[in-house]
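*Asks:* Next comes the structure file data-v6.pdb, holding PDB, C-alpha atoms.
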```pdb
ATOM      1  CA  MET A   1     133.266  61.444   8.364
ATOM      2  CA  LEU A   2     132.450  63.734   5.467
ATOM      3  CA  ASP A   3     135.088  62.023   3.311
ATOM      4  CA  ILE A   4     133.473  58.634   4.025
ATOM      5  CA  ILE A   5     129.997  59.928   3.032
ATOM      6  CA  VAL A   6     131.275  61.584  -0.158
ATOM      7  CA  GLY A   7     133.324  58.502  -1.057
ATOM      8  CA  THR A   8     130.291  56.248  -0.624
ATOM      9  CA  LEU A   9     128.136  58.540  -2.754
ATOM     10  CA  GLU A  10     130.771  58.566  -5.495
ATOM     11  CA  LYS A  11     130.852  54.764  -5.520
ATOM     12  CA  LEU A  12     127.065  54.647  -6.060
ATOM     13  CA  PRO A  13     126.597  57.378  -8.680
ATOM     14  CA  LEU A  14     123.178  56.361 -10.025
ATOM     15  CA  ILE A  15     121.664  55.958  -6.553
ATOM     16  CA  THR A  16     123.164  59.319  -5.599
ATOM     17  CA  ALA A  17     121.564  60.912  -8.663
ATOM     18  CA  PHE A  18     118.137  59.489  -7.803
ATOM     19  CA  ALA A  19     118.486  60.688  -4.200
ATOM     20  CA  ILE A  20     119.422  64.220  -5.269
ATOM     21  CA  VAL A  21     116.591  64.373  -7.783
ATOM     22  CA  GLY A  22     114.219  63.168  -5.063
ATOM     23  CA  VAL A  23     115.287  66.031  -2.799
ATOM     24  CA  ILE A  24     114.939  68.554  -5.635
ATOM     25  CA  MET A  25     111.462  67.241  -6.475
ATOM     26  CA  TRP A  26     110.396  67.383  -2.814
ATOM     27  CA  ILE A  27     111.524  71.004  -2.507
ATOM     28  CA  SER A  28     110.009  71.943  -5.890
ATOM     29  CA  TYR A  29     106.603  70.479  -5.052
ATOM     30  CA  ALA A  30     106.698  72.232  -1.670
ATOM     31  CA  ILE A  31     107.290  75.523  -3.475
ATOM     32  CA  GLY A  32     104.488  74.655  -5.902
ATOM     33  CA  LYS A  33     102.062  74.216  -3.008
ATOM     34  CA  LEU A  34     103.034  77.638  -1.656
ATOM     35  CA  VAL A  35     101.795  79.190  -4.926
ATOM     36  CA  ASN A  36      98.670  76.972  -5.021
ATOM     37  CA  ASN A  37     100.170  74.885  -7.880
ATOM     38  CA  ARG A  38      99.803  77.734 -10.344
ATOM     39  CA  ILE A  39     103.348  76.800 -11.271
ATOM     40  CA  HIS A  40     103.617  73.032 -11.056
ATOM     41  CA  GLY A  41     106.386  71.403  -9.073
ATOM     42  CA  SER A  42     107.646  69.656 -12.216
ATOM     43  CA  ALA A  43     108.255  73.002 -13.911
ATOM     44  CA  ILE A  44     110.148  74.311 -10.888
ATOM     45  CA  ALA A  45     112.231  71.123 -10.745
ATOM     46  CA  ILE A  46     113.167  71.348 -14.433
ATOM     47  CA  VAL A  47     114.258  74.971 -14.043
ATOM     48  CA  ALA A  48     116.348  73.941 -11.013
ATOM     49  CA  GLY A  49     117.918  71.153 -13.081
ATOM     50  CA  LEU A  50     118.799  73.579 -15.877
ATOM     51  CA  VAL A  51     120.392  75.968 -13.390
ATOM     52  CA  LEU A  52     122.448  73.155 -11.839
ATOM     53  CA  ALA A  53     123.537  71.944 -15.288
ATOM     54  CA  TYR A  54     124.657  75.464 -16.179
ATOM     55  CA  ILE A  55     126.593  75.832 -12.929
ATOM     56  CA  GLY A  56     128.206  72.423 -13.424
ATOM     57  CA  GLY A  57     129.296  73.327 -16.945
ATOM     58  CA  LYS A  58     130.737  76.643 -15.792
ATOM     59  CA  VAL A  59     132.584  75.107 -12.866
ATOM     60  CA  THR A  60     134.122  72.214 -14.805
ATOM     61  CA  GLY A  61     134.422  73.760 -18.253
ATOM     62  CA  GLY A  62     133.324  70.379 -19.562
ATOM     63  CA  SER A  63     130.730  69.209 -22.050
ATOM     64  CA  LYS A  64     128.464  67.132 -19.809
ATOM     65  CA  GLY A  65     127.242  69.748 -17.360
ATOM     66  CA  ILE A  66     127.029  68.741 -13.733
ATOM     67  CA  SER A  67     127.846  65.090 -14.486
ATOM     68  CA  ASP A  68     131.470  66.174 -15.076
ATOM     69  CA  ILE A  69     131.717  66.473 -11.283
ATOM     70  CA  SER A  70     132.544  63.012  -9.926
ATOM     71  CA  LEU A  71     129.965  63.200  -7.141
ATOM     72  CA  PHE A  72     127.223  63.801  -9.710
ATOM     73  CA  ALA A  73     128.469  61.424 -12.423
ATOM     74  CA  GLY A  74     125.275  59.356 -12.115
ATOM     75  CA  PHE A  75     123.293  62.110 -13.818
ATOM     76  CA  GLY A  76     125.024  61.139 -17.067
ATOM     77  CA  LEU A  77     123.189  57.805 -16.996
ATOM     78  CA  MET A  78     120.012  58.983 -15.294
ATOM     79  CA  GLY A  79     119.534  61.746 -17.841
ATOM     80  CA  GLY A  80     120.477  59.544 -20.784
ATOM     81  CA  ALA A  81     118.280  58.154 -23.527
ATOM     82  CA  MET A  82     117.597  54.786 -21.859
ATOM     83  CA  LEU A  83     115.876  56.037 -18.705
ATOM     84  CA  ARG A  84     114.279  58.923 -20.593
ATOM     85  CA  ASP A  85     112.617  56.570 -23.053
ATOM     86  CA  PHE A  86     111.591  54.217 -20.237
ATOM     87  CA  ALA A  87     109.869  57.102 -18.448
ATOM     88  CA  ILE A  88     108.060  58.181 -21.614
ATOM     89  CA  VAL A  89     106.905  54.674 -22.520
ATOM     90  CA  SER A  90     105.713  53.990 -18.954
ATOM     91  CA  THR A  91     103.095  56.744 -19.253
ATOM     92  CA  ALA A  92     101.227  54.636 -21.806
ATOM     93  CA  PHE A  93     100.302  52.067 -19.155
ATOM     94  CA  GLY A  94      97.754  54.456 -17.654
ATOM     95  CA  VAL A  95      95.882  54.902 -20.932
ATOM     96  CA  LYS A  96      92.482  53.494 -21.830
ATOM     97  CA  LEU A  97      92.466  52.949 -25.590
ATOM     98  CA  GLU A  98      88.735  53.714 -25.772
ATOM     99  CA  GLU A  99      89.459  57.266 -24.636
ATOM    100  CA  VAL A 100      92.349  57.681 -27.065
ATOM    101  CA  LYS A 101      90.117  56.573 -29.949
ATOM    102  CA  LYS A 102      87.754  59.440 -29.124
ATOM    103  CA  ALA A 103      90.516  61.844 -30.169
ATOM    104  CA  GLY A 104      90.711  59.897 -33.446
ATOM    105  CA  LEU A 105      91.205  61.957 -36.579
ATOM    106  CA  ALA A 106      91.375  65.227 -34.637
ATOM    107  CA  GLY A 107      94.393  63.999 -32.684
ATOM    108  CA  GLY A 108      96.202  62.870 -35.830
ATOM    109  CA  ILE A 109      95.513  66.129 -37.672
ATOM    110  CA  ALA A 110      96.626  68.144 -34.641
ATOM    111  CA  LEU A 111      99.912  66.232 -34.551
ATOM    112  CA  VAL A 112     100.726  66.770 -38.247
ATOM    113  CA  ILE A 113      99.708  70.441 -38.332
ATOM    114  CA  SER A 114     101.615  71.255 -35.157
ATOM    115  CA  VAL A 115     104.864  69.685 -36.404
ATOM    116  CA  ILE A 116     104.600  71.685 -39.636
ATOM    117  CA  ILE A 117     103.837  74.980 -37.874
ATOM    118  CA  SER A 118     106.491  74.535 -35.164
ATOM    119  CA  THR A 119     109.183  73.691 -37.698
ATOM    120  CA  ALA A 120     108.200  76.604 -39.947
ATOM    121  CA  VAL A 121     108.166  79.121 -37.082
ATOM    122  CA  GLY A 122     111.500  77.889 -35.728
ATOM    123  CA  ALA A 123     113.083  78.025 -39.186
ATOM    124  CA  ALA A 124     111.705  81.542 -39.766
ATOM    125  CA  VAL A 125     113.131  82.792 -36.459
ATOM    126  CA  ALA A 126     116.485  81.170 -37.275
ATOM    127  CA  TYR A 127     116.527  82.907 -40.669
ATOM    128  CA  ALA A 128     115.634  86.253 -39.072
ATOM    129  CA  PHE A 129     118.633  85.959 -36.729
ATOM    130  CA  GLY A 130     121.060  85.200 -39.528
ATOM    131  CA  TYR A 131     121.058  81.394 -39.580
ATOM    132  CA  THR A 132     120.270  81.168 -43.276
ATOM    133  CA  SER A 133     121.811  77.754 -43.961
ATOM    134  CA  VAL A 134     119.157  75.138 -44.717
ATOM    135  CA  VAL A 135     120.804  72.767 -42.223
ATOM    136  CA  ASP A 136     120.741  75.415 -39.492
ATOM    137  CA  MET A 137     117.135  76.354 -40.216
ATOM    138  CA  ALA A 138     115.997  72.724 -40.177
ATOM    139  CA  THR A 139     117.860  72.031 -36.921
ATOM    140  CA  ILE A 140     116.524  75.066 -35.066
ATOM    141  CA  GLY A 141     113.090  74.415 -36.557
ATOM    142  CA  GLY A 142     113.322  70.893 -35.170
ATOM    143  CA  GLY A 143     114.209  72.330 -31.776
ATOM    144  CA  ALA A 144     111.088  74.474 -31.879
ATOM    145  CA  THR A 145     109.201  71.229 -32.402
ATOM    146  CA  THR A 146     110.795  69.632 -29.306
ATOM    147  CA  PHE A 147     114.226  69.688 -27.707
ATOM    148  CA  ILE A 148     114.650  66.045 -28.755
ATOM    149  CA  VAL A 149     113.828  66.572 -32.441
ATOM    150  CA  GLY A 150     116.374  69.416 -32.696
ATOM    151  CA  PRO A 151     119.477  67.381 -31.764
ATOM    152  CA  VAL A 152     118.262  64.386 -33.788
ATOM    153  CA  THR A 153     117.867  66.636 -36.833
ATOM    154  CA  GLY A 154     121.189  68.374 -36.259
ATOM    155  CA  ALA A 155     123.063  65.085 -35.876
ATOM    156  CA  ALA A 156     121.464  63.686 -39.038
ATOM    157  CA  LEU A 157     122.265  66.774 -41.118
ATOM    158  CA  GLY A 158     125.694  67.558 -39.682
ATOM    159  CA  ALA A 159     124.815  70.827 -37.946
ATOM    160  CA  SER A 160     127.365  72.566 -35.719
ATOM    161  CA  SER A 161     127.293  72.104 -31.937
ATOM    162  CA  GLU A 162     126.312  75.780 -31.561
ATOM    163  CA  VAL A 163     123.220  75.333 -33.702
ATOM    164  CA  ILE A 164     122.268  72.087 -31.949
ATOM    165  CA  ALA A 165     122.571  73.893 -28.599
ATOM    166  CA  LEU A 166     120.260  76.620 -29.888
ATOM    167  CA  SER A 167     117.741  73.995 -30.998
ATOM    168  CA  VAL A 168     117.749  72.469 -27.507
ATOM    169  CA  ALA A 169     117.288  75.922 -25.965
ATOM    170  CA  ALA A 170     114.293  76.600 -28.222
ATOM    171  CA  GLY A 171     112.665  73.320 -27.204
ATOM    172  CA  VAL A 172     113.310  73.888 -23.500
ATOM    173  CA  VAL A 173     111.719  77.343 -23.644
ATOM    174  CA  LYS A 174     108.678  75.838 -25.332
ATOM    175  CA  SER A 175     108.483  73.057 -22.753
ATOM    176  CA  ILE A 176     108.610  75.434 -19.788
ATOM    177  CA  ALA A 177     106.039  77.756 -21.391
ATOM    178  CA  VAL A 178     103.628  74.822 -21.866
ATOM    179  CA  MET A 179     104.162  73.710 -18.251
ATOM    180  CA  ILE A 180     103.327  77.138 -16.860
ATOM    181  CA  LEU A 181     100.487  78.127 -19.186
ATOM    182  CA  THR A 182      98.576  74.829 -19.364
ATOM    183  CA  PRO A 183      96.953  74.973 -15.890
ATOM    184  CA  LEU A 184      96.096  78.645 -16.384
ATOM    185  CA  LEU A 185      94.360  78.135 -19.731
ATOM    186  CA  ALA A 186      92.979  74.595 -19.320
ATOM    187  CA  LYS A 187      89.430  75.415 -18.240
ATOM    188  CA  PRO A 188      88.842  78.303 -20.703
ATOM    189  CA  ALA A 189      90.162  76.055 -23.485
ATOM    190  CA  GLY A 190      87.950  73.109 -22.489
ATOM    191  CA  LEU A 191      90.892  70.897 -21.571
ATOM    192  CA  THR A 192      88.879  68.699 -19.199
ATOM    193  CA  THR A 193      88.502  65.294 -20.890
ATOM    194  CA  PRO A 194      90.895  62.513 -21.971
ATOM    195  CA  ALA A 195      90.048  63.118 -25.637
ATOM    196  CA  ALA A 196      90.836  66.826 -25.285
ATOM    197  CA  ALA A 197      94.086  65.960 -23.518
ATOM    198  CA  ALA A 198      95.051  63.618 -26.361
ATOM    199  CA  VAL A 199      94.456  66.359 -28.946
ATOM    200  CA  TYR A 200      96.339  68.835 -26.759
ATOM    201  CA  GLY A 201      99.340  66.510 -26.536
ATOM    202  CA  GLY A 202      99.355  66.292 -30.330
ATOM    203  CA  LEU A 203      99.211  70.085 -30.639
ATOM    204  CA  MET A 204     101.890  70.954 -28.089
ATOM    205  CA  GLY A 205     104.167  67.986 -28.641
ATOM    206  CA  THR A 206     106.519  68.476 -25.718
ATOM    207  CA  THR A 207     106.078  65.389 -23.531
ATOM    208  CA  SER A 208     107.648  66.955 -20.436
ATOM    209  CA  GLY A 209     105.722  70.216 -20.820
ATOM    210  CA  VAL A 210     102.395  68.546 -21.511
ATOM    211  CA  SER A 211     102.825  66.032 -18.684
ATOM    212  CA  ALA A 212     103.708  68.659 -16.094
ATOM    213  CA  GLY A 213     101.021  71.061 -17.290
ATOM    214  CA  LEU A 214      98.298  68.409 -17.238
ATOM    215  CA  ALA A 215      99.494  67.149 -13.838
ATOM    216  CA  ALA A 216      98.773  70.609 -12.455
ATOM    217  CA  THR A 217      95.390  70.608 -14.203
ATOM    218  CA  ASP A 218      94.161  67.059 -13.590
ATOM    219  CA  PRO A 219      96.579  64.137 -13.025
ATOM    220  CA  LYS A 220      94.122  61.724 -14.693
ATOM    221  CA  LEU A 221      94.680  63.505 -18.013
ATOM    222  CA  VAL A 222      98.470  63.067 -18.013
ATOM    223  CA  PRO A 223      98.711  59.649 -19.758
ATOM    224  CA  TYR A 224      96.499  60.776 -22.655
ATOM    225  CA  GLY A 225      98.396  63.987 -23.342
ATOM    226  CA  ALA A 226     101.752  62.265 -22.866
ATOM    227  CA  LEU A 227     100.848  59.453 -25.257
ATOM    228  CA  THR A 228     100.130  61.676 -28.257
ATOM    229  CA  ALA A 229     102.984  64.007 -27.312
ATOM    230  CA  THR A 230     105.307  61.004 -27.491
ATOM    231  CA  PHE A 231     103.971  60.155 -30.946
ATOM    232  CA  TYR A 232     104.576  63.801 -31.841
ATOM    233  CA  THR A 233     108.239  63.514 -30.861
ATOM    234  CA  GLY A 234     108.711  60.343 -32.877
ATOM    235  CA  PHE A 235     106.878  61.794 -35.863
ATOM    236  CA  GLY A 236     108.983  64.949 -35.691
ATOM    237  CA  CYS A 237     112.217  62.940 -35.542
ATOM    238  CA  LEU A 238     111.179  61.179 -38.754
ATOM    239  CA  MET A 239     109.786  64.142 -40.665
ATOM    240  CA  VAL A 240     111.972  67.159 -39.858
ATOM    241  CA  PRO A 241     115.357  65.741 -40.948
ATOM    242  CA  SER A 242     113.824  64.395 -44.153
ATOM    243  CA  VAL A 243     110.682  66.128 -45.430
ATOM    244  CA  GLY A 244     111.293  69.308 -43.456
ATOM    245  CA  TYR A 245     114.868  69.610 -44.669
ATOM    246  CA  MET A 246     113.968  68.903 -48.296
ATOM    247  CA  THR A 247     111.133  71.450 -48.173
ATOM    248  CA  LEU A 248     113.454  74.138 -46.763
ATOM    249  CA  ALA A 249     116.100  73.219 -49.344
ATOM    250  CA  ALA A 250     113.550  73.667 -52.135
ATOM    251  CA  LEU A 251     112.572  77.088 -50.756
ATOM    252  CA  PHE A 252     115.983  78.462 -49.745
ATOM    253  CA  GLY A 253     118.545  76.178 -51.360
TER
END
```
Translate the structure of the given file into structure tokens.
*Replies:*
Amino acid sequence: MLDIIVGTLEKLPLITAFAIVGVIMWISYAIGKLVNNRIHGSAIAIVAGLVLAYIGGKVTGGSKGISDISLFAGFGLMGGAMLRDFAIVSTAFGVKLEEVKKAGLAGGIALVISVIISTAVGAAVAYAFGYTSVVDMATIGGGATTFIVGPVTGAALGASSEVIALSVAAGVVKSIAVMILTPLLAKPAGLTTPAAAAVYGGLMGTTSGVSAGLAATDPKLVPYGALTATFYTGFGCLMVPSVGYMTLAALFG
């Protein structure tokens, strides 16, 4: 009986992946309710996913984490760029452009300044830990911007897999920190309106972190923060491998 169930699940890998993620989300949100949503269910689910990916990589010794296990092969597609980008773009459908316009110049300035500061801080930390190559500094600096910008930068500049992994780790830490701290600091910081959420998304930049943090604060704010955070990611992917790299090369090359 068990062999039949496992065989069926292996034949439908993507459906299996969605079902498993659904169970993880259900458990994570239940845990979130136990702590009065001070830590949002999304944050708990992402940590659980990272733990499972680590275990999968250790067990298989492979390069694709838990998707190297045949039963969980669907995670390779579910966690890929196509569905990720679909999820990000879909958040824009809940946005009222009138509210986004209220963020206006402030949102744009926040986005540019935050990309510069995040890249500079990440590059400085990389240099302090002995990664003095301009390529390494730019890649890890990109990771401090978001865990998507880091790999994009590393791939464009030819960084090693070790450095790209570090850039992803830096972005994930930032994302989880934003998830946890946003609901705790939202009210003192005045994060209560769509315009404020749009500026906040431009400042923080991590779409997953901002979305989860705002969901724990006020679900109505999520589309506005996610929209500018998505622009932040795209802007970072354009600027860090080019302008960021050339600036670091001029300073340290």
*Asks:* As a check of understanding, name the residues that the PyMOL selection byres ((chain A and resi 234-243) around 8) selects in the supplied structure, as a PyMOL selection string.
*Replies:* chain A and resi 115+119+138-139+142+145+148-149+152-154+156-157+230-233+244-247
*Asks:* Suppose a student applies the PyMOL selection byres ((chain A and resi 15-30) around 12) to this structure; what residues should they get, written as a CSV table (one decimal) with C-alpha atoms, keeping the file's coordinate frame?
*Replies:*
```csv
chain,number,residue,atom,x,y,z
A,5,ILE,CA,130.0,59.9,3.0
A,6,VAL,CA,131.3,61.6,-0.2
A,7,GLY,CA,133.3,58.5,-1.1
A,8,THR,CA,130.3,56.2,-0.6
A,9,LEU,CA,128.1,58.5,-2.8
A,10,GLU,CA,130.8,58.6,-5.5
A,11,LYS,CA,130.9,54.8,-5.5
A,12,LEU,CA,127.1,54.6,-6.1
A,13,PRO,CA,126.6,57.4,-8.7
A,14,LEU,CA,123.2,56.4,-10.0
A,31,ILE,CA,107.3,75.5,-3.5
A,32,GLY,CA,104.5,74.7,-5.9
A,33,LYS,CA,102.1,74.2,-3.0
A,34,LEU,CA,103.0,77.6,-1.7
A,35,VAL,CA,101.8,79.2,-4.9
A,36,ASN,CA,98.7,77.0,-5.0
A,37,ASN,CA,100.2,74.9,-7.9
A,38,ARG,CA,99.8,77.7,-10.3
A,39,ILE,CA,103.3,76.8,-11.3
A,40,HIS,CA,103.6,73.0,-11.1
A,41,GLY,CA,106.4,71.4,-9.1
A,42,SER,CA,107.6,69.7,-12.2
A,43,ALA,CA,108.3,73.0,-13.9
A,44,ILE,CA,110.1,74.3,-10.9
A,45,ALA,CA,112.2,71.1,-10.7
A,46,ILE,CA,113.2,71.3,-14.4
A,47,VAL,CA,114.3,75.0,-14.0
A,48,ALA,CA,116.3,73.9,-11.0
A,49,GLY,CA,117.9,71.2,-13.1
A,52,LEU,CA,122.4,73.2,-11.8
A,66,ILE,CA,127.0,68.7,-13.7
A,67,SER,CA,127.8,65.1,-14.5
A,69,ILE,CA,131.7,66.5,-11.3
A,70,SER,CA,132.5,63.0,-9.9
A,71,LEU,CA,130.0,63.2,-7.1
A,72,PHE,CA,127.2,63.8,-9.7
A,73,ALA,CA,128.5,61.4,-12.4
A,74,GLY,CA,125.3,59.4,-12.1
A,75,PHE,CA,123.3,62.1,-13.8
A,76,GLY,CA,125.0,61.1,-17.1
A,77,LEU,CA,123.2,57.8,-17.0
A,78,MET,CA,120.0,59.0,-15.3
A,79,GLY,CA,119.5,61.7,-17.8
A,83,LEU,CA,115.9,56.0,-18.7
A,212,ALA,CA,103.7,68.7,-16.1
A,215,ALA,CA,99.5,67.1,-13.8
A,216,ALA,CA,98.8,70.6,-12.5
```
*Asks:* What does the distance from atom CA of Thr206 of chain A to atom CA of Ala249 of chain A come to in Å, to one decimal?
*Replies:*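 These atoms are spaced 25.9 Å apart.
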*Asks:* For each of A:Leu181, A:Ile113, A:Gly122, A:Gly108, take the minimum atom-to-atom distance to Ala169 of chain A, counting all atoms listed in the file, then give the residue where this is smallest.
*Replies:* A:Gly122
*Asks:* How many Å separate atom CA of Pro183 of chain A from atom CA of Leu221 of chain A?
*Replies:* 11.9 Å
*Asks:* Record the distance separating atom CA of Leu191 of chain A and atom CA of Ala120 of chain A, expressed in Å with one decimal.
*Replies:* 25.9 Å
*Asks:* Return the single residue from A:Ala126, A:Asp68, A:Tyr224, A:Thr146 that is closest to Gly56 of chain A, with distances computed using only C-alpha atoms.
*Replies:*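 Counting only C-alpha atoms, the residue closest to Gly56 of chain A is A:Asp68.
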*Asks:* Apply the PyMOL selection byres ((chain A and resi 111) around 9) to the displayed file and report the matching residues as a PyMOL selection string.
*Replies:* chain A and resi 106-110+112-116+199-205+228-229+231-232+235
*Asks:* With all atoms listed in the file as the basis for distance, which of A:Ala124, A:Val163, A:Ala189, A:Ala226 is at the shortest distance from Leu248 of chain A?
*Replies:*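 Looking at the shortest contact to Leu248 of chain A, the residue is A:Ala124.
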*Asks:* A:Thr192, A:Ala159, A:Phe147, A:Val172: which is nearest Leu214 of chain A, counting only C-alpha atoms?
*Replies:*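 Smallest separation from Leu214 of chain A among the options: A:Thr192.
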*Asks:* Given the choices A:Val173, A:Leu227, A:Leu166, A:Ala196, which gets closest to Tyr131 of chain A if the distance is worked out from only C-alpha atoms?
*Replies:*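 Distance minimum relative to Tyr131 of chain A lands on A:Leu166.
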*Asks:* Under the rule that all atoms listed in the file are counted, which of A:Val178, A:Ala186, A:Ala155, A:Ala165 is the nearest residue to Gly143 of chain A?
*Replies:*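 Of A:Val178, A:Ala186, A:Ala155, A:Ala165, the one nearest Gly143 of chain A, counting all atoms listed in the file, is A:Ala165.
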